[in-house]
file upload_30.cif (mmCIF, C-alpha atoms)
data_run
loop_
_atom_site.group_PDB
_atom_site.id
_atom_site.type_symbol
_atom_site.label_atom_id
_atom_site.label_comp_id
_atom_site.auth_asym_id
_atom_site.auth_seq_id
_atom_site.Cartn_x
_atom_site.Cartn_y
_atom_site.Cartn_z
ATOM 1 C CA MET A 1 -5.265 23.665 -99.790
ATOM 2 C CA ARG A 2 -3.833 23.805 -96.306
ATOM 3 C CA VAL A 3 -0.442 25.540 -96.258
ATOM 4 C CA PHE A 4 1.437 25.089 -92.985
ATOM 5 C CA ARG A 5 4.683 26.806 -92.137
ATOM 6 C CA GLY A 6 6.096 24.294 -89.746
ATOM 7 C CA ALA A 7 2.966 22.216 -89.118
ATOM 8 C CA VAL A 8 2.323 22.169 -85.396
ATOM 9 C CA THR A 9 0.642 19.939 -82.878
ATOM 10 C CA ALA A 10 2.432 21.261 -79.787
ATOM 11 C CA VAL A 11 0.510 22.994 -77.019
ATOM 12 C CA ILE A 12 1.882 26.477 -77.590
ATOM 13 C CA LEU A 13 1.673 26.354 -81.390
ATOM 14 C CA THR A 14 -1.327 27.030 -83.609
ATOM 15 C CA LEU A 15 -2.571 25.221 -86.695
ATOM 16 C CA ALA A 16 -3.163 28.122 -89.084
ATOM 17 C CA SER A 17 -4.977 26.709 -92.091
ATOM 18 C CA ALA A 18 -6.025 28.271 -95.347
ATOM 19 C CA SER A 19 -9.698 28.676 -96.151
ATOM 20 C CA LEU A 20 -11.606 25.455 -96.696
ATOM 21 C CA VAL A 21 -13.187 26.877 -99.859
ATOM 22 C CA ALA A 22 -10.060 25.671 -101.656
ATOM 23 C CA GLN A 23 -11.270 22.082 -101.262
ATOM 24 C CA TRP A 24 -13.443 20.186 -103.733
ATOM 25 C CA PRO A 25 -17.087 21.273 -103.590
ATOM 26 C CA SER A 26 -19.412 18.801 -101.886
ATOM 27 C CA TYR A 27 -20.051 15.784 -104.077
ATOM 28 C CA PRO A 28 -21.108 12.224 -103.200
ATOM 29 C CA ASN A 29 -18.036 10.014 -102.823
ATOM 30 C CA SER A 30 -19.788 6.849 -101.623
ATOM 31 C CA PRO A 31 -22.196 4.850 -103.822
ATOM 32 C CA ASN A 32 -25.603 3.806 -102.493
ATOM 33 C CA VAL A 33 -25.548 6.028 -99.408
ATOM 34 C CA PRO A 34 -28.345 4.770 -97.114
ATOM 35 C CA LYS A 35 -30.911 7.385 -96.085
ATOM 36 C CA SER A 36 -33.294 7.485 -93.150
ATOM 37 C CA ALA A 37 -36.949 8.526 -93.377
ATOM 38 C CA ASP A 38 -36.049 12.199 -92.925
ATOM 39 C CA GLY A 39 -33.670 12.097 -95.886
ATOM 40 C CA LYS A 40 -30.451 12.235 -93.848
ATOM 41 C CA VAL A 41 -27.600 9.756 -94.110
ATOM 42 C CA ASN A 42 -28.389 6.647 -92.060
ATOM 43 C CA LEU A 43 -25.109 6.226 -90.208
ATOM 44 C CA LYS A 44 -26.341 3.085 -88.423
ATOM 45 C CA ALA A 45 -27.203 1.187 -91.598
ATOM 46 C CA PRO A 46 -25.239 -2.043 -92.143
ATOM 47 C CA ALA A 47 -21.693 -1.698 -93.398
ATOM 48 C CA PRO A 48 -21.375 -2.127 -97.176
ATOM 49 C CA ARG A 49 -19.508 -5.126 -98.535
ATOM 50 C CA THR A 50 -17.258 -5.763 -101.489
ATOM 51 C CA PRO A 51 -18.127 -8.318 -104.187
ATOM 52 C CA ASP A 52 -16.069 -10.943 -102.346
ATOM 53 C CA GLY A 53 -18.151 -10.435 -99.195
ATOM 54 C CA LYS A 54 -15.617 -8.499 -97.132
ATOM 55 C CA PRO A 55 -16.628 -5.327 -95.283
ATOM 56 C CA ASP A 56 -15.841 -2.342 -97.492
ATOM 57 C CA LEU A 57 -13.639 0.074 -95.531
ATOM 58 C CA SER A 58 -13.469 2.535 -98.429
ATOM 59 C CA GLY A 59 -14.437 6.144 -97.865
ATOM 60 C CA VAL A 60 -13.315 9.461 -96.451
ATOM 61 C CA TRP A 61 -13.219 9.414 -92.657
ATOM 62 C CA GLU A 62 -12.787 11.986 -89.895
ATOM 63 C CA THR A 63 -11.801 11.164 -86.332
ATOM 64 C CA ALA A 64 -14.659 11.164 -83.812
ATOM 65 C CA PRO A 65 -14.622 10.976 -79.993
ATOM 66 C CA CYS A 66 -16.809 7.849 -79.887
ATOM 67 C CA PRO A 67 -18.534 5.366 -82.212
ATOM 68 C CA ASP A 68 -21.936 7.063 -82.011
ATOM 69 C CA CYS A 69 -21.293 10.788 -82.047
ATOM 70 C CA ALA A 70 -20.227 13.648 -84.269
ATOM 71 C CA PRO A 71 -16.618 14.751 -84.668
ATOM 72 C CA PRO A 72 -15.594 18.067 -83.146
ATOM 73 C CA VAL A 73 -15.975 21.161 -85.262
ATOM 74 C CA ILE A 74 -12.729 21.777 -87.157
ATOM 75 C CA ASP A 75 -11.667 25.227 -88.364
ATOM 76 C CA GLY A 76 -15.066 26.640 -87.436
ATOM 77 C CA LEU A 77 -16.983 24.238 -89.673
ATOM 78 C CA SER A 78 -18.570 20.836 -89.286
ATOM 79 C CA PRO A 79 -16.951 18.821 -92.109
ATOM 80 C CA THR A 80 -19.798 16.292 -92.135
ATOM 81 C CA PRO A 81 -23.095 18.038 -92.949
ATOM 82 C CA GLY A 82 -26.402 16.963 -91.528
ATOM 83 C CA SER A 83 -25.288 16.636 -87.920
ATOM 84 C CA GLY A 84 -27.310 18.754 -85.571
ATOM 85 C CA GLN A 85 -25.102 17.621 -82.705
ATOM 86 C CA ALA A 86 -21.769 18.829 -84.123
ATOM 87 C CA ALA A 87 -21.448 22.013 -82.095
ATOM 88 C CA ALA A 88 -22.487 20.359 -78.855
ATOM 89 C CA GLN A 89 -20.140 17.445 -79.435
ATOM 90 C CA ALA A 90 -17.315 19.842 -80.224
ATOM 91 C CA GLY A 91 -17.863 21.713 -76.991
ATOM 92 C CA ARG A 92 -17.573 18.488 -75.014
ATOM 93 C CA ALA A 93 -14.760 16.976 -77.076
ATOM 94 C CA ASN A 94 -12.624 20.108 -76.983
ATOM 95 C CA ASP A 95 -13.098 20.632 -73.254
ATOM 96 C CA ASN A 96 -9.960 22.218 -71.825
ATOM 97 C CA GLY A 97 -10.839 21.448 -68.238
ATOM 98 C CA SER A 98 -12.589 24.767 -67.575
ATOM 99 C CA GLY A 99 -15.988 23.712 -68.864
ATOM 100 C CA GLN A 100 -15.560 25.901 -71.957
ATOM 101 C CA PRO A 101 -14.484 24.831 -75.442
ATOM 102 C CA ALA A 102 -10.836 25.358 -76.248
ATOM 103 C CA ARG A 103 -10.274 28.480 -78.323
ATOM 104 C CA GLY A 104 -8.115 29.040 -81.381
ATOM 105 C CA ASN A 105 -8.026 29.033 -85.167
ATOM 106 C CA GLY A 106 -7.602 25.328 -85.697
ATOM 107 C CA ASN A 107 -7.755 22.102 -83.753
ATOM 108 C CA ALA A 108 -4.267 21.847 -82.288
ATOM 109 C CA GLN A 109 -4.944 23.565 -78.984
ATOM 110 C CA ALA A 110 -7.788 21.252 -78.095
ATOM 111 C CA ALA A 111 -5.983 18.082 -79.082
ATOM 112 C CA ALA A 112 -2.608 19.026 -77.706
ATOM 113 C CA GLY A 113 -3.940 20.625 -74.558
ATOM 114 C CA ALA A 114 -5.888 17.521 -73.711
ATOM 115 C CA GLY A 115 -2.797 15.492 -74.507
ATOM 116 C CA THR A 116 -0.964 17.119 -71.646
ATOM 117 C CA GLY A 117 -3.688 16.269 -69.172
ATOM 118 C CA ARG A 118 -5.785 19.425 -69.590
ATOM 119 C CA GLY A 119 -8.737 17.700 -71.173
ATOM 120 C CA GLY A 120 -10.277 16.534 -67.905
ATOM 121 C CA GLY A 121 -10.400 12.951 -66.622
ATOM 122 C CA ARG A 122 -6.844 11.871 -67.434
ATOM 123 C CA GLY A 123 -6.924 13.954 -70.572
ATOM 124 C CA ASN A 124 -9.618 11.894 -72.325
ATOM 125 C CA GLY A 125 -11.434 14.858 -73.771
ATOM 126 C CA GLY A 126 -10.341 15.134 -77.375
ATOM 127 C CA PHE A 127 -10.343 13.481 -80.740
ATOM 128 C CA GLY A 128 -10.763 9.710 -80.620
ATOM 129 C CA ARG A 129 -10.541 9.618 -76.802
ATOM 130 C CA ASN A 130 -7.659 12.003 -77.341
ATOM 131 C CA ILE A 131 -5.363 9.295 -78.680
ATOM 132 C CA PHE A 132 -3.816 12.033 -80.821
ATOM 133 C CA GLY A 133 -2.690 13.868 -77.686
ATOM 134 C CA ASN A 134 -2.182 10.838 -75.435
ATOM 135 C CA VAL A 135 -1.737 7.407 -76.989
ATOM 136 C CA GLY A 136 -2.491 5.762 -73.624
ATOM 137 C CA GLY A 137 -5.892 7.432 -73.346
ATOM 138 C CA SER A 138 -7.725 4.155 -74.056
ATOM 139 C CA THR A 139 -5.965 2.260 -71.249
ATOM 140 C CA PRO A 140 -7.485 1.905 -67.761
ATOM 141 C CA GLU A 141 -4.546 3.900 -66.387
ATOM 142 C CA GLY A 142 -5.039 6.672 -68.930
ATOM 143 C CA GLU A 143 -1.361 6.495 -69.825
ATOM 144 C CA ALA A 144 0.925 4.162 -71.743
ATOM 145 C CA PRO A 145 3.023 1.664 -69.689
ATOM 146 C CA TYR A 146 6.324 3.481 -70.140
ATOM 147 C CA GLN A 147 9.737 2.067 -69.394
ATOM 148 C CA PRO A 148 11.481 4.407 -66.908
ATOM 149 C CA TRP A 149 13.616 6.079 -69.597
ATOM 150 C CA ALA A 150 10.571 6.573 -71.824
ATOM 151 C CA LYS A 151 8.573 8.120 -68.978
ATOM 152 C CA GLU A 152 11.401 10.552 -68.285
ATOM 153 C CA LEU A 153 11.620 11.424 -71.979
ATOM 154 C CA VAL A 154 7.874 12.098 -72.228
ATOM 155 C CA GLN A 155 7.998 14.363 -69.191
ATOM 156 C CA LYS A 156 10.841 16.314 -70.773
ATOM 157 C CA ARG A 157 9.022 16.628 -74.095
ATOM 158 C CA MET A 158 5.862 17.829 -72.366
ATOM 159 C CA ALA A 159 7.856 20.375 -70.382
ATOM 160 C CA ASP A 160 9.262 21.613 -73.702
ATOM 161 C CA ASN A 161 5.732 22.048 -75.116
ATOM 162 C CA SER A 162 6.321 19.166 -77.556
ATOM 163 C CA LYS A 163 8.320 21.538 -79.742
ATOM 164 C CA ASP A 164 10.336 18.654 -81.224
ATOM 165 C CA ASN A 165 7.293 16.730 -82.474
ATOM 166 C CA PRO A 166 8.116 15.656 -86.056
ATOM 167 C CA ASP A 167 4.915 17.318 -87.267
ATOM 168 C CA ALA A 168 6.210 20.666 -85.987
ATOM 169 C CA HIS A 169 9.203 20.319 -88.322
ATOM 170 C CA CYS A 170 7.370 19.068 -91.417
ATOM 171 C CA LEU A 171 8.579 15.507 -90.847
ATOM 172 C CA PRO A 172 6.357 12.405 -91.024
ATOM 173 C CA MET A 173 4.257 11.978 -87.879
ATOM 174 C CA GLY A 174 4.058 8.186 -87.968
ATOM 175 C CA ILE A 175 1.141 5.771 -88.116
ATOM 176 C CA MET A 176 -0.436 6.455 -84.740
ATOM 177 C CA GLN A 177 -0.592 10.234 -85.007
ATOM 178 C CA MET A 178 -1.952 9.956 -88.550
ATOM 179 C CA ASP A 179 -4.632 7.401 -87.615
ATOM 180 C CA ALA A 180 -5.819 9.668 -84.792
ATOM 181 C CA HIS A 181 -5.286 13.060 -86.445
ATOM 182 C CA PRO A 182 -8.397 15.281 -86.626
ATOM 183 C CA TYR A 183 -7.858 15.943 -90.337
ATOM 184 C CA PRO A 184 -9.478 13.440 -92.736
ATOM 185 C CA LYS A 185 -8.098 10.206 -94.077
ATOM 186 C CA LYS A 186 -9.234 8.393 -97.203
ATOM 187 C CA ILE A 187 -9.281 4.603 -97.529
ATOM 188 C CA ILE A 188 -9.229 2.852 -100.901
ATOM 189 C CA GLN A 189 -9.776 -0.901 -100.675
ATOM 190 C CA THR A 190 -8.906 -3.459 -103.333
ATOM 191 C CA PRO A 191 -8.614 -7.254 -103.061
ATOM 192 C CA THR A 192 -4.814 -7.021 -102.893
ATOM 193 C CA GLU A 193 -4.129 -3.879 -100.881
ATOM 194 C CA LEU A 194 -5.562 -1.160 -98.677
ATOM 195 C CA ILE A 195 -4.411 2.366 -99.502
ATOM 196 C CA LEU A 196 -4.649 5.117 -96.887
ATOM 197 C CA ILE A 197 -4.315 8.765 -97.861
ATOM 198 C CA TYR A 198 -3.887 11.016 -94.843
ATOM 199 C CA GLU A 199 -4.518 14.726 -95.317
ATOM 200 C CA ALA A 200 -2.211 15.444 -92.389
ATOM 201 C CA SER A 201 1.575 15.203 -92.497
ATOM 202 C CA GLY A 202 1.938 16.464 -96.061
ATOM 203 C CA THR A 203 -0.745 14.241 -97.622
ATOM 204 C CA THR A 204 0.942 10.971 -96.665
ATOM 205 C CA VAL A 205 0.111 7.717 -98.498
ATOM 206 C CA ARG A 206 0.385 4.247 -96.928
ATOM 207 C CA GLU A 207 -0.009 0.829 -98.535
ATOM 208 C CA ILE A 208 -1.134 -2.243 -96.601
ATOM 209 C CA PHE A 209 -0.592 -5.270 -98.821
ATOM 210 C CA LEU A 210 -3.254 -8.002 -98.773
ATOM 211 C CA ASP A 211 -1.691 -10.174 -101.467
ATOM 212 C CA GLY A 212 -0.273 -12.813 -99.122
ATOM 213 C CA ARG A 213 3.288 -11.531 -98.940
ATOM 214 C CA PRO A 214 4.922 -12.144 -95.536
ATOM 215 C CA LEU A 215 5.723 -9.385 -93.086
ATOM 216 C CA PRO A 216 9.425 -8.639 -93.660
ATOM 217 C CA LYS A 217 11.880 -9.094 -90.832
ATOM 218 C CA LYS A 218 12.922 -5.676 -89.593
ATOM 219 C CA ASP A 219 16.598 -6.529 -90.025
ATOM 220 C CA ASP A 220 16.068 -7.382 -93.711
ATOM 221 C CA VAL A 221 14.731 -3.976 -94.781
ATOM 222 C CA ALA A 222 15.769 -0.351 -94.531
ATOM 223 C CA PRO A 223 13.766 1.377 -91.796
ATOM 224 C CA TRP A 224 10.929 3.689 -92.858
ATOM 225 C CA TYR A 225 8.932 6.292 -90.956
ATOM 226 C CA ASN A 226 5.747 4.280 -91.525
ATOM 227 C CA GLY A 227 7.388 0.876 -91.760
ATOM 228 C CA TYR A 228 6.214 -2.027 -93.927
ATOM 229 C CA SER A 229 2.606 -3.186 -93.608
ATOM 230 C CA VAL A 230 0.836 -6.393 -94.596
ATOM 231 C CA GLY A 231 -2.704 -7.409 -93.736
ATOM 232 C CA HIS A 232 -5.136 -10.292 -93.608
ATOM 233 C CA TRP A 233 -8.796 -10.772 -92.749
ATOM 234 C CA GLU A 234 -9.973 -12.361 -89.516
ATOM 235 C CA GLY A 235 -13.706 -12.584 -90.051
ATOM 236 C CA ASP A 236 -14.943 -9.036 -90.619
ATOM 237 C CA THR A 237 -11.787 -7.453 -89.153
ATOM 238 C CA LEU A 238 -8.829 -6.441 -91.269
ATOM 239 C CA VAL A 239 -5.625 -7.040 -89.292
ATOM 240 C CA ALA A 240 -2.624 -4.999 -90.471
ATOM 241 C CA GLU A 241 0.857 -5.634 -89.057
ATOM 242 C CA THR A 242 3.722 -3.170 -89.417
ATOM 243 C CA THR A 243 7.422 -3.517 -88.698
ATOM 244 C CA GLY A 244 10.658 -2.016 -90.047
ATOM 245 C CA LEU A 245 10.056 1.324 -88.319
ATOM 246 C CA MET A 246 12.572 4.074 -87.754
ATOM 247 C CA ASP A 247 13.876 4.914 -84.302
ATOM 248 C CA ASP A 248 12.703 7.942 -82.333
ATOM 249 C CA GLY A 249 9.108 8.053 -83.600
ATOM 250 C CA TRP A 250 6.387 9.950 -81.757
ATOM 251 C CA LEU A 251 3.139 8.108 -81.066
ATOM 252 C CA ASP A 252 1.271 11.191 -79.874
ATOM 253 C CA VAL A 253 1.551 14.918 -79.265
ATOM 254 C CA ARG A 254 2.996 14.490 -75.774
ATOM 255 C CA GLY A 255 5.924 12.541 -77.216
ATOM 256 C CA SER A 256 5.385 8.878 -76.326
ATOM 257 C CA PRO A 257 8.315 7.214 -78.113
ATOM 258 C CA LEU A 258 8.361 4.470 -80.720
ATOM 259 C CA THR A 259 11.574 2.582 -81.462
ATOM 260 C CA SER A 260 12.843 0.299 -84.197
ATOM 261 C CA GLU A 261 12.039 -2.672 -81.933
ATOM 262 C CA ALA A 262 8.307 -2.004 -82.304
ATOM 263 C CA LYS A 263 5.592 -3.923 -84.040
ATOM 264 C CA VAL A 264 2.322 -2.086 -84.638
ATOM 265 C CA THR A 265 -0.886 -4.032 -85.260
ATOM 266 C CA GLU A 266 -3.997 -2.225 -86.505
ATOM 267 C CA ARG A 267 -7.421 -3.874 -86.477
ATOM 268 C CA PHE A 268 -9.847 -2.124 -88.824
ATOM 269 C CA ARG A 269 -13.522 -2.818 -88.198
ATOM 270 C CA ARG A 270 -16.387 -1.028 -89.905
ATOM 271 C CA LEU A 271 -19.061 -0.974 -87.211
ATOM 272 C CA ASN A 272 -21.828 0.163 -89.570
ATOM 273 C CA PHE A 273 -22.175 2.484 -92.553
ATOM 274 C CA GLY A 274 -21.191 5.563 -90.576
ATOM 275 C CA TYR A 275 -18.444 4.511 -88.156
ATOM 276 C CA LEU A 276 -15.036 2.880 -88.334
ATOM 277 C CA GLU A 277 -12.979 1.529 -85.431
ATOM 278 C CA ILE A 278 -9.202 1.162 -85.541
ATOM 279 C CA LYS A 279 -7.803 -0.721 -82.558
ATOM 280 C CA VAL A 280 -4.017 -0.353 -82.523
ATOM 281 C CA THR A 281 -1.734 -2.564 -80.450
ATOM 282 C CA ILE A 282 1.725 -1.142 -79.800
ATOM 283 C CA ASP A 283 4.292 -3.797 -78.918
ATOM 284 C CA ASP A 284 7.623 -2.086 -78.270
ATOM 285 C CA PRO A 285 9.500 -3.780 -75.410
ATOM 286 C CA LYS A 286 12.295 -1.225 -75.593
ATOM 287 C CA ALA A 287 9.991 1.669 -74.697
ATOM 288 C CA TYR A 288 7.089 -0.009 -72.840
ATOM 289 C CA THR A 289 6.767 -2.611 -70.109
ATOM 290 C CA LYS A 290 4.001 -4.463 -71.995
ATOM 291 C CA PRO A 291 1.948 -4.201 -75.187
ATOM 292 C CA PHE A 292 -1.023 -1.832 -74.975
ATOM 293 C CA ASP A 293 -3.971 -0.756 -77.095
ATOM 294 C CA ALA A 294 -5.098 2.570 -78.489
ATOM 295 C CA ILE A 295 -8.595 2.852 -79.982
ATOM 296 C CA VAL A 296 -9.528 5.401 -82.639
ATOM 297 C CA TYR A 297 -13.039 5.970 -83.997
ATOM 298 C CA SER A 298 -13.877 7.723 -87.259
ATOM 299 C CA ARG A 299 -17.078 8.867 -88.932
ATOM 300 C CA ILE A 300 -17.805 8.753 -92.653
ATOM 301 C CA MET A 301 -17.644 11.946 -94.728
ATOM 302 C CA PRO A 302 -19.927 10.989 -97.636
ATOM 303 C CA THR A 303 -19.593 14.253 -99.610
ATOM 304 C CA SER A 304 -16.012 15.377 -98.915
ATOM 305 C CA GLN A 305 -12.479 14.800 -100.129
ATOM 306 C CA PRO A 306 -9.222 15.437 -98.245
ATOM 307 C CA SER A 307 -7.643 18.805 -98.921
ATOM 308 C CA GLU A 308 -4.174 19.220 -100.379
ATOM 309 C CA PHE A 309 -1.672 19.701 -97.561
ATOM 310 C CA VAL A 310 1.631 21.554 -97.962
ATOM 311 C CA CYS A 311 4.083 21.918 -95.089
ATOM 312 C CA ILE A 312 6.877 24.483 -95.286
ATOM 313 C CA ASP A 313 9.401 24.313 -92.455
ATOM 314 C CA LYS A 314 10.380 27.963 -92.075
ATOM 315 C CA ASP A 315 9.555 28.752 -88.470
ATOM 316 C CA ALA A 316 11.103 25.925 -86.451
ATOM 317 C CA GLU A 317 13.931 28.097 -85.134
ATOM 318 C CA HIS A 318 11.323 30.288 -83.436
ATOM 319 C CA TYR A 319 9.577 27.479 -81.554
ATOM 320 C CA VAL A 320 9.543 27.955 -77.798
ATOM 321 C CA GLY A 321 10.465 25.197 -75.399
ATOM 322 C CA SER A 322 10.217 25.248 -71.622
ATOM 323 C CA GLN A 323 9.851 28.436 -69.592
ATOM 324 C CA LYS A 324 13.251 27.725 -68.090
ATOM 325 C CA GLN A 325 14.817 28.007 -71.545
ATOM 326 C CA ASN A 326 13.136 31.370 -72.081
ATOM 327 C CA LYS A 327 14.885 33.039 -69.154
#
call {"tool": "encode", "arguments": {"input": "upload_30.cif", "output": "structure tokens"}}
result
Amino acid sequence: MRVFRGAVTAVILTLASASLVAQWPSYPNSPNVPKSADGKVNLKAPAPRTPDGKPDLSGVWETAPCPDCAPPVIDGLSPTPGSGQAAAQAGRANDNGSGQPARGNGNAQAAAGAGTGRGGGRGNGGFGRNIFGNVGGSTPEGEAPYQPWAKELVQKRMADNSKDNPDAHCLPMGIMQMDAHPYPKKIIQTPTELILIYEASGTTVREIFLDGRPLPKKDDVAPWYNGYSVGHWEGDTLVAETTGLMDDGWLDVRGSPLTSEAKVTERFRRLNFGYLEIKVTIDDPKAYTKPFDAIVYSRIMPTSQPSEFVCIDKDAEHYVGSQKQNK
């Protein structure tokens, strides 16, 4: 179990997790795991399919920097066994701009530091192209197309070390931060809905309905942190649309805003047995000058389960903002 006292993703704060031995022991969670000649999991084998012929997105997934590499080492361990490249990948993915891996107990420094532009090359040095730290990391500009007020707000939040990030106060992080978070997510797929269980943000559960119901108009429903999601298949891609979101959401660690005017579209595509791509389109004309995409990759965890996550907001009053405030 991970017990967080004021879960943190801000630059100056540290994710202090309990020992991973509290998790379930390793046990196969995916049927018919393909193996290569050397007995290891064949990550490049074809994606499994459900009885109705759709790609099966089910499984436990951890965010990876790219669709053909290992995730960074988290909490001193490689959650997916059998990867001889994990340490090397972690050193590159957690680059803090000095050529050395970011240091610390957990994964927040690497992700958040890169999110403020410290990850080298526009900050694209962390988990899932560092979408967790910088939602615009997948764009050619390396930054989201902010409206002037949103740009000013992000600069202020970064100057304050992202101390007001909802995650730092045990509040829901929102879809984008959860999709890109370095902690695992579990997908359960049925013919009528897709269920996502995120270890982060207090073990949050989302439902994406596939039963044909229409996407509700945002003015007809009470706003939710994660909104209302419905999905449909376009070939081998599951398209999930979400509306009815609450105002003042955070898309990333740096504080890119999300407003109630937003519509979020996720495109889930299982590239092969081992890798999943989530391409997210954020369409929020109040905060951004145009829609833009964020791309998150994840790798299968065939013998793991998400850990229980408990967040206790006891330390928020001690969070430190800008240096100017400290004087």
call {"tool": "residues_near_point", "arguments": {"input": "upload_30.cif", "point": "(7.9, 14.9, -93.1)", "cutoff": "10 Å", "atoms": "only C-alpha atoms", "output": "number ranges by chain"}}
result
A: 7, 166-174, 201-204, 225, 311-313
call {"tool": "residues_around", "arguments": {"input": "upload_30.cif", "residues": "Arg267 in chain A", "least_positions_apart": "6", "cutoff": "7 Å", "atoms": "all atoms listed in the file", "output": "JSON, numbers by chain"}}
result
{"A": [237, 238, 239, 240, 278, 279, 280]}
call {"tool": "residues_around", "arguments": {"input": "upload_30.cif", "residues": "Pro34 in chain A", "least_positions_apart": "3", "cutoff": "12 Å", "atoms": "all atoms listed in the file", "output": "list in words"}}
result
Ser30, Pro31, Ala37, Asp38, Gly39, Lys40, Val41, Asn42, Leu43, Lys44, Ala45, Pro46, Ala47, Pro48, Asn272, Phe273, Gly274 and Pro302 of chain A
call {"tool": "closest_residue", "arguments": {"input": "upload_30.cif", "among": "A:Ser36, A:Ser298, A:Thr303, A:Thr265", "to": "Pro67 in chain A", "atoms": "only C-alpha atoms"}}
result
A:Ser298
call {"tool": "atom_distance", "arguments": {"input": "upload_30.cif", "atom1": "CA of Tyr27 in chain A", "atom2": "CA of Ile197 in chain A"}}
result
18.3 Å
call {"tool": "resolve_selection", "arguments": {"input": "upload_30.cif", "expression": "the PyMOL selection byres ((chain A and resi 231) around 10)", "output": "list in words"}}
result
Thr192, Glu193, Leu194, Glu207, Ile208, Phe209, Leu210, Asp211, Gly212, Arg213, Pro214, Leu215, Ser229, Val230, His232, Trp233, Glu234, Leu238, Val239, Ala240, Glu241, Thr242, Thr265, Glu266 and Arg267 of chain A
call {"tool": "resolve_selection", "arguments": {"input": "upload_30.cif", "expression": "the PyMOL selection byres ((chain A and resi 247) around 7)", "output": "ChimeraX atom specification"}}
result
/A:245-246,248-249,258-260
call {"tool": "axis_aligned_box", "arguments": {"input": "upload_30.cif", "around": "range 26-43 of chain A", "padding_each_side": "4 Å", "output": "lines of an AutoDock Vina configuration file"}}
result
center_x = -27.5
center_y = 11.3
center_z = -97.1
size_x = 26.9
size_y = 23.0
size_z = 21.9
call {"tool": "residues_around", "arguments": {"input": "upload_30.cif", "residues": "Tyr183 in chain A", "least_positions_apart": "4", "cutoff": "7 Å", "atoms": "only C-alpha atoms", "output": "short mmCIF file (atom, residue, chain, number, x, y, z; two decimals) with C-alpha atoms, in the coordinates of the input"}}
result
data_model
loop_
_atom_site.label_atom_id
_atom_site.label_comp_id
_atom_site.auth_asym_id
_atom_site.auth_seq_id
_atom_site.Cartn_x
_atom_site.Cartn_y
_atom_site.Cartn_z
CA GLU A 62 -12.79 11.99 -89.90
CA GLU A 199 -4.52 14.73 -95.32
CA ALA A 200 -2.21 15.44 -92.39
#
call {"tool": "residues_around", "arguments": {"input": "upload_30.cif", "residues": "Gln177 in chain A", "least_positions_apart": "2", "cutoff": "7 Å", "atoms": "only C-alpha atoms", "output": "PyMOL selection string"}}
result
chain A and resi 132+173-175+179-181+251-252
call {"tool": "write_last_selection", "arguments": {"input": "upload_30.cif", "atoms": "C-alpha atoms", "output": "PDB file, keeping the file's coordinate frame"}}
result
ATOM      1  CA  PHE A 132      -3.816  12.033 -80.821  1.00  0.00           C
ATOM      2  CA  MET A 173       4.257  11.978 -87.879  1.00  0.00           C
ATOM      3  CA  GLY A 174       4.058   8.186 -87.968  1.00  0.00           C
ATOM      4  CA  ILE A 175       1.141   5.771 -88.116  1.00  0.00           C
ATOM      5  CA  ASP A 179      -4.632   7.401 -87.615  1.00  0.00           C
ATOM      6  CA  ALA A 180      -5.819   9.668 -84.792  1.00  0.00           C
ATOM      7  CA  HIS A 181      -5.286  13.060 -86.445  1.00  0.00           C
ATOM      8  CA  LEU A 251       3.139   8.108 -81.066  1.00  0.00           C
ATOM      9  CA  ASP A 252       1.271  11.191 -79.874  1.00  0.00           C
TER      10      ASP A 252
END
call {"tool": "closest_residue", "arguments": {"input": "upload_30.cif", "among": "A:Arg206, A:Lys263, A:Lys35, A:Lys218", "to": "Met178 in chain A", "atoms": "only C-alpha atoms"}}
result
A:Arg206
call {"tool": "closest_residue", "arguments": {"input": "upload_30.cif", "among": "A:Pro145, A:Pro140, A:Pro72, A:Pro51", "to": "Ile282 in chain A", "atoms": "all atoms listed in the file"}}
result
A:Pro145
call {"tool": "closest_residue", "arguments": {"input": "upload_30.cif", "among": "A:Ile188, A:Ala222, A:Val320, A:Ile131", "to": "Cys66 in chain A", "atoms": "only C-alpha atoms"}}
result
A:Ile131
call {"tool": "atom_distance", "arguments": {"input": "upload_30.cif", "atom1": "CA of Tyr146 in chain A", "atom2": "CA of Pro182 in chain A"}}
result
25.1 Å
call {"tool": "atom_distance", "arguments": {"input": "upload_30.cif", "atom1": "CA of Lys185 in chain A", "atom2": "CA of Val60 in chain A"}}
result
5.8 Å
call {"tool": "closest_residue", "arguments": {"input": "upload_30.cif", "among": "A:Asp284, A:Glu261, A:Asp293, A:Asp219", "to": "Thr139 in chain A", "atoms": "only C-alpha atoms"}}
result
A:Asp293
